[in-house]
Amino acid sequence: MLDFFKKIALLEGISLLALLFFAMPMKYMFDQEIYVKTIGMAHGILFIAYIFLALVLKFTLNWSYKLFTIIGLASIIPFGTFYVERKYLA
């Protein structure tokens, strides 16, 4: 389950970066909203999966509330999931 969470964390981090650094500039600079819709949807699904799996693993692996909070907050910070994966999930 932890390996699956790491894969979801990686994909969620990539989708956030794609949304912020590709889709949003395409929308506002070139008026191409389709990228925000598609990448945004994928990111939303991955975000929900990330939080759900973090919650499941919090109780399965008996994570502290502090660790769970750090892992949860990392999902909204660019590059945060990559940091968490290296520092806390290695």
# chains A, B, ... in the order shown; residues from 1 in each chain; ligands from 1
>>> residues_around(residues="Pro25 in chain A", least_positions_apart="6", cutoff="12 Å", atoms="only C-alpha atoms", output="ChimeraX atom specification")
/A:17-19,31-36
>>> write_last_selection(atoms="all heavy atoms", output="PDB file, in the first residue's frame")
ATOM      1  N   LEU A  17       2.451  20.409 -10.826  1.00  0.00           N
ATOM      2  CA  LEU A  17       3.416  21.215 -11.577  1.00  0.00           C
ATOM      3  C   LEU A  17       2.949  21.476 -13.006  1.00  0.00           C
ATOM      4  O   LEU A  17       3.105  22.583 -13.522  1.00  0.00           O
ATOM      5  CB  LEU A  17       4.781  20.527 -11.579  1.00  0.00           C
ATOM      6  CG  LEU A  17       5.466  20.413 -10.218  1.00  0.00           C
ATOM      7  CD1 LEU A  17       6.768  19.642 -10.340  1.00  0.00           C
ATOM      8  CD2 LEU A  17       5.704  21.788  -9.620  1.00  0.00           C
ATOM      9  N   ALA A  18       2.367  20.464 -13.628  1.00  0.00           N
ATOM     10  CA  ALA A  18       1.837  20.642 -14.989  1.00  0.00           C
ATOM     11  C   ALA A  18       0.709  21.667 -14.995  1.00  0.00           C
ATOM     12  O   ALA A  18       0.614  22.497 -15.911  1.00  0.00           O
ATOM     13  CB  ALA A  18       1.349  19.306 -15.549  1.00  0.00           C
ATOM     14  N   LEU A  19      -0.120  21.631 -13.984  1.00  0.00           N
ATOM     15  CA  LEU A  19      -1.224  22.579 -13.898  1.00  0.00           C
ATOM     16  C   LEU A  19      -0.706  24.004 -13.692  1.00  0.00           C
ATOM     17  O   LEU A  19      -1.131  24.932 -14.376  1.00  0.00           O
ATOM     18  CB  LEU A  19      -2.156  22.187 -12.750  1.00  0.00           C
ATOM     19  CG  LEU A  19      -3.443  22.987 -12.591  1.00  0.00           C
ATOM     20  CD1 LEU A  19      -4.333  22.840 -13.816  1.00  0.00           C
ATOM     21  CD2 LEU A  19      -4.185  22.520 -11.349  1.00  0.00           C
ATOM     22  N   ASP A  31      -4.923  31.819 -24.254  1.00  0.00           N
ATOM     23  CA  ASP A  31      -6.373  31.603 -24.244  1.00  0.00           C
ATOM     24  C   ASP A  31      -6.749  30.168 -24.613  1.00  0.00           C
ATOM     25  O   ASP A  31      -7.718  29.940 -25.333  1.00  0.00           O
ATOM     26  CB  ASP A  31      -7.052  32.607 -25.174  1.00  0.00           C
ATOM     27  CG  ASP A  31      -8.493  32.851 -24.778  1.00  0.00           C
ATOM     28  OD1 ASP A  31      -8.823  32.687 -23.595  1.00  0.00           O
ATOM     29  OD2 ASP A  31      -9.290  33.199 -25.666  1.00  0.00           O
ATOM     30  N   GLN A  32      -5.991  29.197 -24.114  1.00  0.00           N
ATOM     31  CA  GLN A  32      -6.243  27.772 -24.344  1.00  0.00           C
ATOM     32  C   GLN A  32      -6.715  27.138 -23.035  1.00  0.00           C
ATOM     33  O   GLN A  32      -5.910  26.651 -22.244  1.00  0.00           O
ATOM     34  CB  GLN A  32      -4.965  27.077 -24.834  1.00  0.00           C
ATOM     35  CG  GLN A  32      -4.427  27.595 -26.139  1.00  0.00           C
ATOM     36  CD  GLN A  32      -5.297  27.171 -27.302  1.00  0.00           C
ATOM     37  OE1 GLN A  32      -5.822  26.059 -27.322  1.00  0.00           O
ATOM     38  NE2 GLN A  32      -5.465  28.059 -28.261  1.00  0.00           N
ATOM     39  N   GLU A  33      -8.006  27.127 -22.825  1.00  0.00           N
ATOM     40  CA  GLU A  33      -8.551  26.635 -21.563  1.00  0.00           C
ATOM     41  C   GLU A  33      -8.616  25.118 -21.464  1.00  0.00           C
ATOM     42  O   GLU A  33      -8.782  24.576 -20.373  1.00  0.00           O
ATOM     43  CB  GLU A  33      -9.948  27.202 -21.349  1.00  0.00           C
ATOM     44  CG  GLU A  33      -9.952  28.693 -21.135  1.00  0.00           C
ATOM     45  CD  GLU A  33     -11.329  29.232 -20.825  1.00  0.00           C
ATOM     46  OE1 GLU A  33     -12.224  28.431 -20.510  1.00  0.00           O
ATOM     47  OE2 GLU A  33     -11.491  30.455 -20.889  1.00  0.00           O
ATOM     48  N   ILE A  34      -8.499  24.417 -22.563  1.00  0.00           N
ATOM     49  CA  ILE A  34      -8.641  22.961 -22.562  1.00  0.00           C
ATOM     50  C   ILE A  34      -7.601  22.276 -21.675  1.00  0.00           C
ATOM     51  O   ILE A  34      -7.878  21.256 -21.044  1.00  0.00           O
ATOM     52  CB  ILE A  34      -8.624  22.387 -23.997  1.00  0.00           C
ATOM     53  CG1 ILE A  34      -9.018  20.925 -24.006  1.00  0.00           C
ATOM     54  CG2 ILE A  34      -7.266  22.597 -24.647  1.00  0.00           C
ATOM     55  CD1 ILE A  34     -10.445  20.669 -23.666  1.00  0.00           C
ATOM     56  N   TYR A  35      -6.414  22.863 -21.602  1.00  0.00           N
ATOM     57  CA  TYR A  35      -5.360  22.250 -20.783  1.00  0.00           C
ATOM     58  C   TYR A  35      -5.701  22.316 -19.298  1.00  0.00           C
ATOM     59  O   TYR A  35      -5.441  21.373 -18.557  1.00  0.00           O
ATOM     60  CB  TYR A  35      -4.011  22.916 -21.053  1.00  0.00           C
ATOM     61  CG  TYR A  35      -3.537  22.738 -22.466  1.00  0.00           C
ATOM     62  CD1 TYR A  35      -3.492  23.811 -23.348  1.00  0.00           C
ATOM     63  CD2 TYR A  35      -3.156  21.488 -22.934  1.00  0.00           C
ATOM     64  CE1 TYR A  35      -3.062  23.649 -24.653  1.00  0.00           C
ATOM     65  CE2 TYR A  35      -2.723  21.310 -24.239  1.00  0.00           C
ATOM     66  CZ  TYR A  35      -2.684  22.393 -25.096  1.00  0.00           C
ATOM     67  OH  TYR A  35      -2.259  22.216 -26.381  1.00  0.00           O
ATOM     68  N   VAL A  36      -6.278  23.427 -18.869  1.00  0.00           N
ATOM     69  CA  VAL A  36      -6.666  23.558 -17.462  1.00  0.00           C
ATOM     70  C   VAL A  36      -7.772  22.557 -17.138  1.00  0.00           C
ATOM     71  O   VAL A  36      -7.774  21.948 -16.072  1.00  0.00           O
ATOM     72  CB  VAL A  36      -7.107  24.998 -17.144  1.00  0.00           C
ATOM     73  CG1 VAL A  36      -7.696  25.093 -15.746  1.00  0.00           C
ATOM     74  CG2 VAL A  36      -5.938  25.947 -17.279  1.00  0.00           C
TER      75      VAL A  36
END
>>> residues_around(residues="Lys37 in chain A", least_positions_apart="6", cutoff="10 Å", atoms="only C-alpha atoms", output="VMD selection string")
chain A and resid 19 23 27 43
>>> closest_residue(among="A:Ile39, A:Leu46, A:Met29, A:Leu61", to="Ile76 in chain A", atoms="only C-alpha atoms")
A:Leu46
>>> atom_distance(atom1="CA of Tyr28 in chain A", atom2="CA of Tyr50 in chain A")
28.0 Å
>>> select_by_dssp(residues="chain A", states="helix (DSSP H, G or I)", output="ChimeraX atom specification")
/A:2-30,34-60,65-74,80-87
>>> atom_distance(atom1="CA of Glu85 in chain A", atom2="CA of Met26 in chain A")
29.2 Å
>>> closest_residue(among="A:Thr38, A:Ile71, A:Asn62, A:Ile45", to="Arg86 in chain A", atoms="only C-alpha atoms")
A:Ile71
>>> residues_around(residues="Pro78 in chain A", least_positions_apart="2", cutoff="12 Å", atoms="only C-alpha atoms", output="VMD selection string")
chain A and resid 9 to 10 12 to 21 73 to 76 80 to 84
>>> write_last_selection(atoms="N, CA, C and O atoms", output="PDB file, in the first residue's frame")
ATOM      1  N   ALA A   9       1.632   9.810  -5.048  1.00  0.00           N
ATOM      2  CA  ALA A   9       2.270  11.061  -4.635  1.00  0.00           C
ATOM      3  C   ALA A   9       3.107  11.646  -5.774  1.00  0.00           C
ATOM      4  O   ALA A   9       3.078  12.858  -6.017  1.00  0.00           O
ATOM      5  N   LEU A  10       3.837  10.797  -6.465  1.00  0.00           N
ATOM      6  CA  LEU A  10       4.639  11.255  -7.599  1.00  0.00           C
ATOM      7  C   LEU A  10       3.747  11.826  -8.699  1.00  0.00           C
ATOM      8  O   LEU A  10       3.987  12.929  -9.204  1.00  0.00           O
ATOM      9  N   GLU A  12       0.673  12.935  -8.414  1.00  0.00           N
ATOM     10  CA  GLU A  12      -0.015  14.131  -7.925  1.00  0.00           C
ATOM     11  C   GLU A  12       0.919  15.339  -7.991  1.00  0.00           C
ATOM     12  O   GLU A  12       0.509  16.428  -8.391  1.00  0.00           O
ATOM     13  N   GLY A  13       2.162  15.134  -7.623  1.00  0.00           N
ATOM     14  CA  GLY A  13       3.143  16.223  -7.698  1.00  0.00           C
ATOM     15  C   GLY A  13       3.387  16.681  -9.124  1.00  0.00           C
ATOM     16  O   GLY A  13       3.455  17.882  -9.406  1.00  0.00           O
ATOM     17  N   ILE A  14       3.492  15.726 -10.038  1.00  0.00           N
ATOM     18  CA  ILE A  14       3.692  16.064 -11.448  1.00  0.00           C
ATOM     19  C   ILE A  14       2.470  16.793 -12.004  1.00  0.00           C
ATOM     20  O   ILE A  14       2.603  17.782 -12.733  1.00  0.00           O
ATOM     21  N   SER A  15       1.281  16.328 -11.626  1.00  0.00           N
ATOM     22  CA  SER A  15       0.069  16.974 -12.138  1.00  0.00           C
ATOM     23  C   SER A  15      -0.068  18.401 -11.608  1.00  0.00           C
ATOM     24  O   SER A  15      -0.525  19.289 -12.331  1.00  0.00           O
ATOM     25  N   LEU A  16       0.330  18.636 -10.364  1.00  0.00           N
ATOM     26  CA  LEU A  16       0.287  19.993  -9.819  1.00  0.00           C
ATOM     27  C   LEU A  16       1.247  20.907 -10.575  1.00  0.00           C
ATOM     28  O   LEU A  16       0.899  22.033 -10.939  1.00  0.00           O
ATOM     29  N   LEU A  17       2.451  20.409 -10.826  1.00  0.00           N
ATOM     30  CA  LEU A  17       3.416  21.215 -11.577  1.00  0.00           C
ATOM     31  C   LEU A  17       2.949  21.476 -13.006  1.00  0.00           C
ATOM     32  O   LEU A  17       3.105  22.583 -13.522  1.00  0.00           O
ATOM     33  N   ALA A  18       2.367  20.464 -13.628  1.00  0.00           N
ATOM     34  CA  ALA A  18       1.837  20.642 -14.989  1.00  0.00           C
ATOM     35  C   ALA A  18       0.709  21.667 -14.995  1.00  0.00           C
ATOM     36  O   ALA A  18       0.614  22.497 -15.911  1.00  0.00           O
ATOM     37  N   LEU A  19      -0.120  21.631 -13.984  1.00  0.00           N
ATOM     38  CA  LEU A  19      -1.224  22.579 -13.898  1.00  0.00           C
ATOM     39  C   LEU A  19      -0.706  24.004 -13.692  1.00  0.00           C
ATOM     40  O   LEU A  19      -1.131  24.932 -14.376  1.00  0.00           O
ATOM     41  N   LEU A  20       0.238  24.171 -12.785  1.00  0.00           N
ATOM     42  CA  LEU A  20       0.738  25.508 -12.467  1.00  0.00           C
ATOM     43  C   LEU A  20       1.647  26.091 -13.543  1.00  0.00           C
ATOM     44  O   LEU A  20       1.572  27.287 -13.844  1.00  0.00           O
ATOM     45  N   PHE A  21       2.524  25.258 -14.096  1.00  0.00           N
ATOM     46  CA  PHE A  21       3.562  25.790 -14.982  1.00  0.00           C
ATOM     47  C   PHE A  21       3.316  25.556 -16.466  1.00  0.00           C
ATOM     48  O   PHE A  21       4.056  26.061 -17.298  1.00  0.00           O
ATOM     49  N   LEU A  73      -0.318  18.553   3.950  1.00  0.00           N
ATOM     50  CA  LEU A  73       0.012  19.896   3.474  1.00  0.00           C
ATOM     51  C   LEU A  73       0.948  19.871   2.272  1.00  0.00           C
ATOM     52  O   LEU A  73       0.925  20.785   1.447  1.00  0.00           O
ATOM     53  N   ALA A  74       1.756  18.843   2.174  1.00  0.00           N
ATOM     54  CA  ALA A  74       2.693  18.739   1.047  1.00  0.00           C
ATOM     55  C   ALA A  74       1.966  18.642  -0.289  1.00  0.00           C
ATOM     56  O   ALA A  74       2.520  18.993  -1.321  1.00  0.00           O
ATOM     57  N   SER A  75       0.726  18.203  -0.258  1.00  0.00           N
ATOM     58  CA  SER A  75      -0.009  18.043  -1.508  1.00  0.00           C
ATOM     59  C   SER A  75      -0.452  19.366  -2.112  1.00  0.00           C
ATOM     60  O   SER A  75      -0.816  19.406  -3.286  1.00  0.00           O
ATOM     61  N   ILE A  76      -0.416  20.446  -1.348  1.00  0.00           N
ATOM     62  CA  ILE A  76      -0.837  21.736  -1.890  1.00  0.00           C
ATOM     63  C   ILE A  76       0.339  22.674  -2.163  1.00  0.00           C
ATOM     64  O   ILE A  76       0.138  23.782  -2.647  1.00  0.00           O
ATOM     65  N   GLY A  80       6.104  19.689  -3.016  1.00  0.00           N
ATOM     66  CA  GLY A  80       5.924  19.181  -1.659  1.00  0.00           C
ATOM     67  C   GLY A  80       5.866  17.671  -1.581  1.00  0.00           C
ATOM     68  O   GLY A  80       6.431  17.067  -0.670  1.00  0.00           O
ATOM     69  N   THR A  81       5.190  17.044  -2.539  1.00  0.00           N
ATOM     70  CA  THR A  81       5.086  15.578  -2.489  1.00  0.00           C
ATOM     71  C   THR A  81       6.437  14.920  -2.749  1.00  0.00           C
ATOM     72  O   THR A  81       6.709  13.854  -2.212  1.00  0.00           O
ATOM     73  N   PHE A  82       7.277  15.567  -3.548  1.00  0.00           N
ATOM     74  CA  PHE A  82       8.610  15.016  -3.805  1.00  0.00           C
ATOM     75  C   PHE A  82       9.458  15.070  -2.537  1.00  0.00           C
ATOM     76  O   PHE A  82      10.189  14.132  -2.220  1.00  0.00           O
ATOM     77  N   TYR A  83       9.340  16.177  -1.812  1.00  0.00           N
ATOM     78  CA  TYR A  83      10.067  16.334  -0.551  1.00  0.00           C
ATOM     79  C   TYR A  83       9.624  15.298   0.479  1.00  0.00           C
ATOM     80  O   TYR A  83      10.455  14.663   1.134  1.00  0.00           O
ATOM     81  N   VAL A  84       8.324  15.136   0.619  1.00  0.00           N
ATOM     82  CA  VAL A  84       7.778  14.176   1.589  1.00  0.00           C
ATOM     83  C   VAL A  84       8.217  12.763   1.247  1.00  0.00           C
ATOM     84  O   VAL A  84       8.577  11.985   2.131  1.00  0.00           O
TER      85      VAL A  84
END
>>> closest_residue(among="A:Phe79, A:Tyr88, A:Phe68, A:Phe22", to="Val56 in chain A", atoms="only C-alpha atoms")
A:Phe68
